[in-house]
Structure formats: C-alpha cells, structure tokens
Amino acid sequence: MPHRIVLSLTAAIALTVSFLVMPAGAQSDPWAKIDPSNQSLVFWHNHTRSRQDALQAIVETFNESNPYGITVTQETQGSYADIFRKMLGLLGTSEVPDLVVAYQNQAATYQLSDALVDMTSLLQSPKWGMSAEQQADFFPAFFQQDVFPLFENARLGLAPNRSMEVLYYNRDWLAELGYDEPPSTPEAFKEIACKATRTPFSKADGGGAMGYQLNLDASRLASWTFAFGGGIFDYETSLYTYDSDGAQQAMAFLQDLYAEGCARPVSERGGAIADFSTGRLLFSSASSSGLPFVRAAVGAGAKFNWSVAPLPHITPAPVMNVYGASVSMPKSTPQRELATWLFIRYFTSPEVQAGWAQAANYFPVRQSAEQRLGDYFERHDAYKTAFDLLQYGRHEPPVPGYDFVRAMAEEALAAIFAQGRDVEKTLDRLNRDANVSLQEQLEYLPSAE
C-alpha cells in the first residue's frame, strides 16, 4: 500500500501561520514586496511508485494549505541522468521547470550558464526566509553542501533528503562462518568474504556462494577510496586526486579480492539484490535508499537476518559516503521564484521531513525530525544503524562536469577490478583525464577571464 503523508488540521493551521511569520534576517529584503499569489509551478523529479505517491501527497497538502493559491505539479522525468540531459537542452529557455532535483555537480554545471537562482536572499529574507534557529536545525553537512565557493558562495540548492553508502551483510551466514560482527578492517573483510565463497549459506536458494559483489560505479570507487583514508578531490587546489595513495591502496585491495575469487562484479541491474536476497551473496555495498527493496526481497527470498555496516576501513573511524540530490531553482520571474521557495521551505519542514523519510526511506535533513522517527527506528533497525553513521559523512566533489568524470571513473574501476589492469597507470590516466575535463568546464565560468 503506498505511503500517504497527510498533515493534521492543527499542522495545516500551523503551516498557514508559518507563511506569515517573519523570521530574523537582514534589514533590506529584495523579496518583501513580491507577491507569490496564484502561481502554477512545475517540479521535475526522478521518483516513481510509492515515492511518487508520497511526494504527490506532500504536494496536494501544500496546494490545499498554502494561503497564496500556489499550485505545484510534480512530474517524473526519468533518472537523474535523464533529467540532467533534458535540463542541458533547456537552460535559458521558458521550458525549464520551476524546481528540479539536481546533484551538486549537476547544479554547478547548470550555473556555468548562470541558469539557477541563488537562494541566499530567500533563505535570509525577513519576510519569507528561515530563522537562524530553523537554519541551525538542518544537519550542518547537508546544509552547507549546496553553497558553492566556485560561484561566490551562492546557494544553488537545498537538500530535501540524503542517503549513504553502506555495506549490506547476511547476519545469519556470518554467524555460520563463526563471526559475531561484520568486519571493520579490509583484512577481516577479505578473510570472511573468501571463506564465504567456500562455505555456502545453509538457507541459500540455489547453488553457488559469493563473498562480495561490486557494482562498477563511480560512487563505489569513491567510497572505497574514503575507507582507505584517501580522497578523489582536493578542495584547496581544485583538482581531482584519483591517483592518491588511498585510491591506489583501495583499488589494489579490490583487484586482489577479484583475483582470489572472493569478489565479483555485479552482472546486471538489480543482480546484487537478487543474489543477496536468495542467500548466495554475503556482502554487498549500495545506497541506504535501497533498504526497503532489500527488506522486501529477503522477505520473499531466503528469509534470513541481515543488517548494514560501514565499509571496512583503515581510518580510525568510518568514513561514510553521503550523497543525494538537492532541489534547485531555475531562473524565471520573481513571483514564480518566491512561490517555488515557499514550497521548498514547506518540503524541508521537520514534520514533512519525518513523513517523507519514512515513505521514501531517505534520511531527513532536519535534526528535529529524529524526534518523530522513534517508532520507525524500532521497526527498522537497519535504518537506525545507518542513521547513526551520518556523523561520519563525507561527500563526492560538487564541481561542474563531475557527471562526465563519473563515466571515466566507472571505466577505470572496471579495468582495474574485472580486467586486471595496472592500478597505478589506470588511476594516473583517470586523474589526468578528469582534470582535463574539469579545466574545460571551468573555462565556461563567467569570471574565467
């Protein structure tokens, strides 16, 4: 049954009042005399099925409750990549949506054409913005992620949700192998993964056993690099660092796992969930947003106990790759922009965030939303485990053209992991090509000259 997010009458009244409350802010307000009334807005996103149903409920409640007659229409436009391609063809035209989901690197690419609204003045508006207390309620890392030094600290988005790279593991199989906890170091991970390939799970549905499956994705490359104490971008020099010591150690580790038969690449879309749910796969690394899909698949499959953990790491504490698209506002008219902002402010309010987190299985971006998630935490312990790891978050580079670099990184990961190519040479080539691509993108900056 699809999740529905419906505000109570009290909450709806509070919502109406919140539109009229003037938060503290700067003395001058360029938005003070703008009238957002009766604007019809279009929101492009990637959500489908139950998530789209939940988003539609949020939109309907906003449309019915806001006192200005603002109407939002939500439209699914395919994957993040599909939306990115569509947006590149529409920037600067009247065909762009009023609100669009965008990863930070995608927003940076759009802003090379000066196509997005800087939300700073809206956020700080005494009449329409958020108070200092409300701003402080956002998880700091999420809140800061959409401020771009490259564009004079413009705020090109605001996060409505986040997810995180986690290690899924079969708890029952781990116990059969003689271990009480998931491995926290690469050495222990290799030992257990290799042992699993020789010792199939007793409840497995079908033959064969695999220790670890790796999705050949740029975020997997980044996540393993973080776990080995490295990085893929230097924010002081504004250069990619795919040739870092940590990246080289991480890729050599994965290559060795494959060579010894303890790890395999994911062969098809959804393959890892299928193999995990039937008990043929011990470890899989993927986004925490997949928790409900894994839960359903295991329930219909081998029905074992499972959970999530950080990737094994050599750092003193885990380093979690936290990611997620924010919502950005293409430029239109002041009236439409203000109306769009009011929907963003509503979408990121604590009560809506708590409902959206449960329906979509994302993490909320407001800290106070945690107070409304107690029952959900009790029912979904894997979600709570992942939520508690947010304090160790790190993110991938929010720079123009990272979408194109991601494709290069995926090719490099495939060459190293599945084809046995030389790690150092492959990463050197990736790093060189990535930085050439970045410099080409930066040439489009309005201040490049």
# chains A, B, ... in the order shown; residues from 1 in each chain; ligands from 1

$ closest_atom_pairs --of "region 342-421 of chain A" --to "region 34-58 of chain A" --cutoff "9 Å" --atoms "only C-alpha atoms" --output "tab-separated table"
residue	atom	partner	partner_atom	distance
A:Leu342	CA	A:Pro36	CA	8.8
A:Phe347	CA	A:Ile58	CA	7.5
A:Val352	CA	A:Ile58	CA	7.5
A:Gly355	CA	A:Ala54	CA	8.6
A:Trp356	CA	A:Ala54	CA	7.0
A:Ala359	CA	A:Ala54	CA	6.3
A:Ala360	CA	A:Arg51	CA	5.3
A:Asn361	CA	A:Arg51	CA	9.0

$ closest_residue --among "A:Gln255, A:Thr348, A:Gln124, A:Gln74" --to "Arg366 (chain A)" --atoms "only C-alpha atoms"
A:Thr348

$ closest_residue --among "A:Gly374, A:Leu281, A:Ser287, A:Thr241" --to "Arg429 (chain A)" --atoms "only C-alpha atoms"
A:Thr241

$ closest_atom_pairs --of "region 187-223 of chain A" --to "region 301-307 of chain A" --cutoff "10 Å" --atoms "only C-alpha atoms" --output "JSON lines"
{"residue": "A:Phe201", "atom": "CA", "partner": "A:Ala302", "partner_atom": "CA", "distance": 9.9}
{"residue": "A:Ser202", "atom": "CA", "partner": "A:Ala302", "partner_atom": "CA", "distance": 9.7}
{"residue": "A:Lys203", "atom": "CA", "partner": "A:Ala302", "partner_atom": "CA", "distance": 6.0}
{"residue": "A:Ala204", "atom": "CA", "partner": "A:Ala302", "partner_atom": "CA", "distance": 6.2}
{"residue": "A:Asp205", "atom": "CA", "partner": "A:Ala302", "partner_atom": "CA", "distance": 6.3}

$ decode --residues "region 352-371 of chain A" --atoms "N, CA and C atoms" --output "mmCIF file, in the first residue's frame"
data_model
loop_
_atom_site.group_PDB
_atom_site.id
_atom_site.type_symbol
_atom_site.label_atom_id
_atom_site.label_comp_id
_atom_site.auth_asym_id
_atom_site.auth_seq_id
_atom_site.Cartn_x
_atom_site.Cartn_y
_atom_site.Cartn_z
ATOM 1 N N VAL A 352 7.104 17.475 7.697
ATOM 2 C CA VAL A 352 7.074 16.889 6.357
ATOM 3 C C VAL A 352 8.286 15.997 6.155
ATOM 4 N N GLN A 353 9.436 16.425 6.672
ATOM 5 C CA GLN A 353 10.648 15.628 6.538
ATOM 6 C C GLN A 353 10.513 14.264 7.216
ATOM 7 N N ALA A 354 9.885 14.238 8.377
ATOM 8 C CA ALA A 354 9.717 12.962 9.079
ATOM 9 C C ALA A 354 8.835 12.010 8.272
ATOM 10 N N GLY A 355 7.769 12.537 7.682
ATOM 11 C CA GLY A 355 6.910 11.695 6.866
ATOM 12 C C GLY A 355 7.574 11.247 5.585
ATOM 13 N N TRP A 356 8.282 12.162 4.941
ATOM 14 C CA TRP A 356 8.980 11.846 3.691
ATOM 15 C C TRP A 356 10.072 10.800 3.940
ATOM 16 N N ALA A 357 10.788 10.915 5.042
ATOM 17 C CA ALA A 357 11.842 9.945 5.358
ATOM 18 C C ALA A 357 11.269 8.540 5.482
ATOM 19 N N GLN A 358 10.121 8.411 6.124
ATOM 20 C CA GLN A 358 9.523 7.091 6.308
ATOM 21 C C GLN A 358 8.958 6.533 5.004
ATOM 22 N N ALA A 359 8.374 7.396 4.196
ATOM 23 C CA ALA A 359 7.783 6.937 2.945
ATOM 24 C C ALA A 359 8.839 6.593 1.910
ATOM 25 N N ALA A 360 9.905 7.390 1.868
ATOM 26 C CA ALA A 360 10.916 7.224 0.827
ATOM 27 C C ALA A 360 12.154 6.487 1.307
ATOM 28 N N ASN A 361 12.272 6.312 2.632
ATOM 29 C CA ASN A 361 13.426 5.660 3.244
ATOM 30 C C ASN A 361 14.727 6.428 3.009
ATOM 31 N N TYR A 362 14.610 7.727 2.818
ATOM 32 C CA TYR A 362 15.771 8.606 2.824
ATOM 33 C C TYR A 362 16.016 9.068 4.257
ATOM 34 N N PHE A 363 17.146 9.734 4.463
ATOM 35 C CA PHE A 363 17.379 10.375 5.745
ATOM 36 C C PHE A 363 16.803 11.787 5.695
ATOM 37 N N PRO A 364 16.164 12.244 6.782
ATOM 38 C CA PRO A 364 15.677 13.624 6.815
ATOM 39 C C PRO A 364 16.849 14.591 6.904
ATOM 40 N N VAL A 365 16.612 15.825 6.500
ATOM 41 C CA VAL A 365 17.687 16.826 6.541
ATOM 42 C C VAL A 365 17.570 17.725 7.761
ATOM 43 N N ARG A 366 16.460 17.624 8.497
ATOM 44 C CA ARG A 366 16.275 18.413 9.716
ATOM 45 C C ARG A 366 16.509 17.526 10.925
ATOM 46 N N GLN A 367 17.349 18.009 11.846
ATOM 47 C CA GLN A 367 17.697 17.218 13.020
ATOM 48 C C GLN A 367 16.489 16.950 13.908
ATOM 49 N N SER A 368 15.588 17.912 14.007
ATOM 50 C CA SER A 368 14.422 17.729 14.876
ATOM 51 C C SER A 368 13.463 16.672 14.349
ATOM 52 N N ALA A 369 13.600 16.279 13.073
ATOM 53 C CA ALA A 369 12.744 15.216 12.533
ATOM 54 C C ALA A 369 12.995 13.894 13.249
ATOM 55 N N GLU A 370 14.182 13.734 13.825
ATOM 56 C CA GLU A 370 14.510 12.490 14.528
ATOM 57 C C GLU A 370 13.528 12.219 15.654
ATOM 58 N N GLN A 371 13.012 13.267 16.291
ATOM 59 C CA GLN A 371 12.077 13.097 17.399
ATOM 60 C C GLN A 371 10.781 12.428 16.950
#
